[in-house]
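Asks: Below you will find the structure I want to go over with you.
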There are 2 protein chains.
Amino acid sequence: MSSATLKKYYEGAEKILVAIDCIIFGFDKETLKLLLFKRKIAPFAGEWSLIGSFVQSGESVPEAAQRVLEESTGLNNVYLEEMGSYSDLQRDPGSRVISIAHYALIRLDEHKQQLVETHQARWFPYDDLPDLILDHQEMTQNALAKLRRKARYQPIGFELLPEKFTLPQLQLLYQAIYQKKLDRRNFRKKILSMKILEKLDEKDKTNSRKGAFLYRFDEKKYQELERKGMNFEL
Amino acid sequence: MSSATLKKYYEGAEKILVAIDCIIFGFDKETLKLLLFKRKIAPFAGEWSLIGSFVQSGESVPEAAQRVLEESTGLNNVYLEEMGSYSDLQRDPGSRVISIAHYALIRLDEHKQQLVETHQARWFPYDDLPDLILDHQEMTQNALAKLRRKARYQPIGFELLPEKFTLPQLQLLYQAIYQKKLDRRNFRKKILSMKILEKLDEKDKTNSRKGAFLYRFDEKKYQELERKGMNFEL
DNA sequence: ACAAAAGTGTTTAGCTTACACCCATGG
DNA sequence: CCATGGGTGTAAGCTAAACACTTTTGT
């Protein structure tokens, strides 16, 4: 093939705006929350929206997603997962844009509250969200579906908890993700039998007089088990 | 925001070439296969590659993927699933391209052999693939990983078999997907207990003198069970 | 009659589920 | 001393796993 034809091959194709949008999950006490933003630009200025940005020519998709996360939460070591593209021709009246949606799991206690204010953002309980622009509602629903599925075979739930957490807290989290109650004894048995938690000597007394022991997720132990082919199931 | 700023918002962003690439799975007797193509254009003309195409301005990502599938196999009702984006800045030396990879499951008996020839394509056993260009090797590995995971909770395996198939055939397929042997009696028990197969009166005698009964996948029964919340597990 | 693949049940072990009482502490 | 949430064990039912012989039929 001649270099002229090659040129035509790549240049004959249409370039398209590529955006990324982030569904940011957090977990507070017993509810799953989403970080939403008041959109600053037209169309739909002033309405609630996911946070997003265009992919720049100098960055890959994961880099763009990390950048957005850092700009909006101040965090740079965030669990981030691509969840698919949204490409309807009419999805954005402003222009033809293909968006690659991502969901992120962040620890509410770590993110910079100040940035939330700067961005006119707000945490909403997952089951009490405002109307969202464009196809952001659909993205949001797909994100929870993916999160649920993923949480079944990988311990990503821990990404939503502080470094030290109690078993009751962990159970509340999984209950929030699966939207159903779990038996306390069975939950404990199962999670402890996986041996991926390190029990600490401290107690957290914010929720009861007796206090609950704090645990820490042991990444190393988990990865060992994973290599040996364990299956993490609720 | 003024319309000038708006203009700047969308126009200030960089447009990027967006491609889709398809990992096309087939199943033959007892091996999982991939349809690969001799690349016609530079760079890498003449080397083996997945089939792909740029997303046109008039089509969505799923539409582009279907188009590619139809052009390369002649099939238009194909099981097709997006599996993620590939966006390294240097991934394609020809130009900066973001590719959204998809995997497809097709029935070897249905696709048009003639098109395979037209495209200088060839079916390769999954575990004996030639070197592939760009990041196509990585895509291929990710595709099988996704297929395996997905096959655990959705009966997508059937997309790889002809409409009528025998239980031994089905078992061979799942063994190929999971790369491990399954017990014949347990497999049968499990699959039949799901009640998603319709037993026919015909036998297929191509593989034995006795012959094996043919079955058909019952989409309706499956969807009913799905609504009631069954879990499809190997 | 025999070779080659299809078909069929039972037993055992492990896992999941359901369930109720005592413990520690701060007020 | 009592109210509140944290912690613990066991029995029953169910699902998964292991395992070997009979059936059919073309040659």
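Order determines the names: the first chain of the structure tokens is A, the second B, and so forth; residues in each chain are numbered 1 upward, and ligands are numbered 1 upward as they are shown.
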Find the residues of chain A that sit at most 7 Å from chain D; for each, write down the nearest two atoms and how far apart they are in Å, to one decimal. Count only C-alpha atoms (C1' of nucleotides). Sort by chain, then by number going up, and give it as a tab-separated table.
Replies:
residue	atom	partner	partner_atom	distance
A:Ser208	CA	D:DG5	C1'	5.2
A:Lys210	CA	D:DG6	C1'	6.6
A:Gly211	CA	D:DG6	C1'	6.9
A:Ala212	CA	D:DG6	C1'	6.1
Asks: Write to file, as a compact mmCIF listing (two decimals), in the first residue's frame, the residues of the selection just made, with N, CA, C and O atoms.
Replies:
# COMPACT_ATOMS: atom_id res chain seq x y z
N SER A 208 -21.55 2.03 69.72
CA SER A 208 -22.12 1.28 70.84
C SER A 208 -21.25 1.46 72.06
O SER A 208 -20.10 1.88 71.96
N LYS A 210 -20.38 -1.01 74.03
CA LYS A 210 -19.43 -2.12 74.08
C LYS A 210 -18.24 -1.87 73.16
O LYS A 210 -17.11 -2.19 73.48
N GLY A 211 -18.54 -1.28 72.03
CA GLY A 211 -17.48 -1.05 71.04
C GLY A 211 -17.28 -2.26 70.15
O GLY A 211 -17.53 -3.40 70.57
N ALA A 212 -16.87 -2.03 68.92
CA ALA A 212 -16.63 -3.13 67.98
C ALA A 212 -15.17 -3.12 67.58
O ALA A 212 -14.59 -2.06 67.38
Asks: With a cut-off of 12 Å and counting only C-alpha atoms (C1' of nucleotides), select all residues of chain C in contact with chain A and give the selection as a CSV table (one decimal) with C-alpha atoms (C1' of nucleotides), in the first residue's frame.
Replies:
chain,number,residue,atom,x,y,z
C,15,DC,C1',-21.5,-25.4,52.4
C,16,DT,C1',-25.5,-22.5,53.3
C,17,DT,C1',-29.1,-21.2,56.1
C,18,DA,C1',-31.8,-20.4,60.0
C,19,DC,C1',-32.0,-19.3,64.6
C,20,DA,C1',-31.4,-17.2,70.3
C,23,DC,C1',-21.4,-9.8,76.8
C,24,DA,C1',-19.5,-5.3,77.6
C,25,DT,C1',-20.1,-0.7,78.5
C,26,DG,C1',-21.8,4.2,79.3
C,27,DG,C1',-25.2,6.6,81.2
Asks: Give me, as number ranges by chain, the residues of chain B touching chain A, with the criterion being at most 10 Å (counting only C-alpha atoms).
Replies: B: 1-3, 5-7, 9-19, 40-43, 45, 53-63, 82-90, 94-98, 100, 149, 153
Asks: Would you please give, as a PyMOL selection string, all residues of chain A that DSSP assigns to strand (DSSP E or B) based on the backbone?
Replies: chain A and resi 15-28+31-38+48-49+51-54+79-86+97-105+121-125+164-166+197-204+212-217
Asks: Please write the residues from the selection above to a file, keeping C-alpha atoms, as a PDB file, in the first residue's frame.
Replies:
ATOM      1  CA  LYS A  15     -12.300  12.185  14.388  1.00  0.00           C
ATOM      2  CA  ILE A  16     -14.765  12.380  17.228  1.00  0.00           C
ATOM      3  CA  LEU A  17     -14.885  14.073  20.610  1.00  0.00           C
ATOM      4  CA  VAL A  18     -14.211  11.517  23.320  1.00  0.00           C
ATOM      5  CA  ALA A  19     -15.227  12.237  26.875  1.00  0.00           C
ATOM      6  CA  ILE A  20     -15.071  10.330  30.087  1.00  0.00           C
ATOM      7  CA  ASP A  21     -17.728  10.506  32.805  1.00  0.00           C
ATOM      8  CA  CYS A  22     -17.276   9.287  36.344  1.00  0.00           C
ATOM      9  CA  ILE A  23     -19.817   7.743  38.656  1.00  0.00           C
ATOM     10  CA  ILE A  24     -18.295   8.352  42.077  1.00  0.00           C
ATOM     11  CA  PHE A  25     -19.525   6.072  44.846  1.00  0.00           C
ATOM     12  CA  GLY A  26     -19.087   6.679  48.510  1.00  0.00           C
ATOM     13  CA  PHE A  27     -20.430   4.953  51.603  1.00  0.00           C
ATOM     14  CA  ASP A  28     -21.655   6.755  54.668  1.00  0.00           C
ATOM     15  CA  THR A  31     -26.052   4.283  52.674  1.00  0.00           C
ATOM     16  CA  LEU A  32     -24.397   4.166  49.330  1.00  0.00           C
ATOM     17  CA  LYS A  33     -23.895   7.654  47.931  1.00  0.00           C
ATOM     18  CA  LEU A  34     -23.059   9.300  44.660  1.00  0.00           C
ATOM     19  CA  LEU A  35     -21.109  12.504  44.162  1.00  0.00           C
ATOM     20  CA  LEU A  36     -22.955  14.784  41.755  1.00  0.00           C
ATOM     21  CA  PHE A  37     -22.050  18.139  40.312  1.00  0.00           C
ATOM     22  CA  LYS A  38     -23.911  21.272  39.337  1.00  0.00           C
ATOM     23  CA  TRP A  48     -27.108  17.950  38.276  1.00  0.00           C
ATOM     24  CA  SER A  49     -24.641  15.856  36.398  1.00  0.00           C
ATOM     25  CA  ILE A  51     -18.376  14.829  36.478  1.00  0.00           C
ATOM     26  CA  GLY A  52     -16.557  14.389  33.207  1.00  0.00           C
ATOM     27  CA  SER A  53     -14.066  15.810  30.783  1.00  0.00           C
ATOM     28  CA  PHE A  54     -12.828  15.380  27.276  1.00  0.00           C
ATOM     29  CA  TYR A  79     -10.297   2.500  42.634  1.00  0.00           C
ATOM     30  CA  LEU A  80     -11.442   3.235  39.127  1.00  0.00           C
ATOM     31  CA  GLU A  81     -13.028   0.958  36.607  1.00  0.00           C
ATOM     32  CA  GLU A  82     -14.091   1.522  33.044  1.00  0.00           C
ATOM     33  CA  MET A  83     -17.667   0.465  32.489  1.00  0.00           C
ATOM     34  CA  GLY A  84     -18.425   1.059  28.842  1.00  0.00           C
ATOM     35  CA  SER A  85     -19.068   3.584  26.136  1.00  0.00           C
ATOM     36  CA  TYR A  86     -22.097   5.733  25.464  1.00  0.00           C
ATOM     37  CA  VAL A  97     -19.536  13.017  21.831  1.00  0.00           C
ATOM     38  CA  ILE A  98     -18.632   9.459  22.702  1.00  0.00           C
ATOM     39  CA  SER A  99     -18.339   9.097  26.433  1.00  0.00           C
ATOM     40  CA  ILE A 100     -16.485   6.312  28.163  1.00  0.00           C
ATOM     41  CA  ALA A 101     -18.043   5.947  31.585  1.00  0.00           C
ATOM     42  CA  HIS A 102     -16.110   4.894  34.670  1.00  0.00           C
ATOM     43  CA  TYR A 103     -17.106   4.221  38.211  1.00  0.00           C
ATOM     44  CA  ALA A 104     -14.925   5.089  41.145  1.00  0.00           C
ATOM     45  CA  LEU A 105     -15.014   3.981  44.766  1.00  0.00           C
ATOM     46  CA  ALA A 121     -20.880  19.170  44.252  1.00  0.00           C
ATOM     47  CA  ARG A 122     -23.056  17.203  46.636  1.00  0.00           C
ATOM     48  CA  TRP A 123     -23.300  13.659  47.925  1.00  0.00           C
ATOM     49  CA  PHE A 124     -26.692  12.108  47.243  1.00  0.00           C
ATOM     50  CA  PRO A 125     -27.988   8.817  48.626  1.00  0.00           C
ATOM     51  CA  LYS A 164      -9.723   0.543  59.731  1.00  0.00           C
ATOM     52  CA  PHE A 165     -13.303  -0.592  59.963  1.00  0.00           C
ATOM     53  CA  THR A 166     -15.533  -2.802  62.073  1.00  0.00           C
ATOM     54  CA  LEU A 197      -8.818  -9.423  57.505  1.00  0.00           C
ATOM     55  CA  GLU A 198      -6.394  -8.489  60.207  1.00  0.00           C
ATOM     56  CA  LYS A 199      -7.977  -7.968  63.591  1.00  0.00           C
ATOM     57  CA  LEU A 200      -6.606  -4.999  65.484  1.00  0.00           C
ATOM     58  CA  ASP A 201      -6.511  -4.434  69.205  1.00  0.00           C
ATOM     59  CA  GLU A 202      -8.504  -1.230  68.979  1.00  0.00           C
ATOM     60  CA  LYS A 203     -12.220  -0.833  69.296  1.00  0.00           C
ATOM     61  CA  ASP A 204     -14.466   1.696  67.685  1.00  0.00           C
ATOM     62  CA  ALA A 212     -16.634  -3.131  67.982  1.00  0.00           C
ATOM     63  CA  PHE A 213     -13.188  -4.391  67.098  1.00  0.00           C
ATOM     64  CA  LEU A 214     -11.463  -2.715  64.208  1.00  0.00           C
ATOM     65  CA  TYR A 215     -10.100  -4.727  61.305  1.00  0.00           C
ATOM     66  CA  ARG A 216      -7.846  -3.967  58.391  1.00  0.00           C
ATOM     67  CA  PHE A 217      -8.043  -5.483  54.933  1.00  0.00           C
TER      68      PHE A 217
END
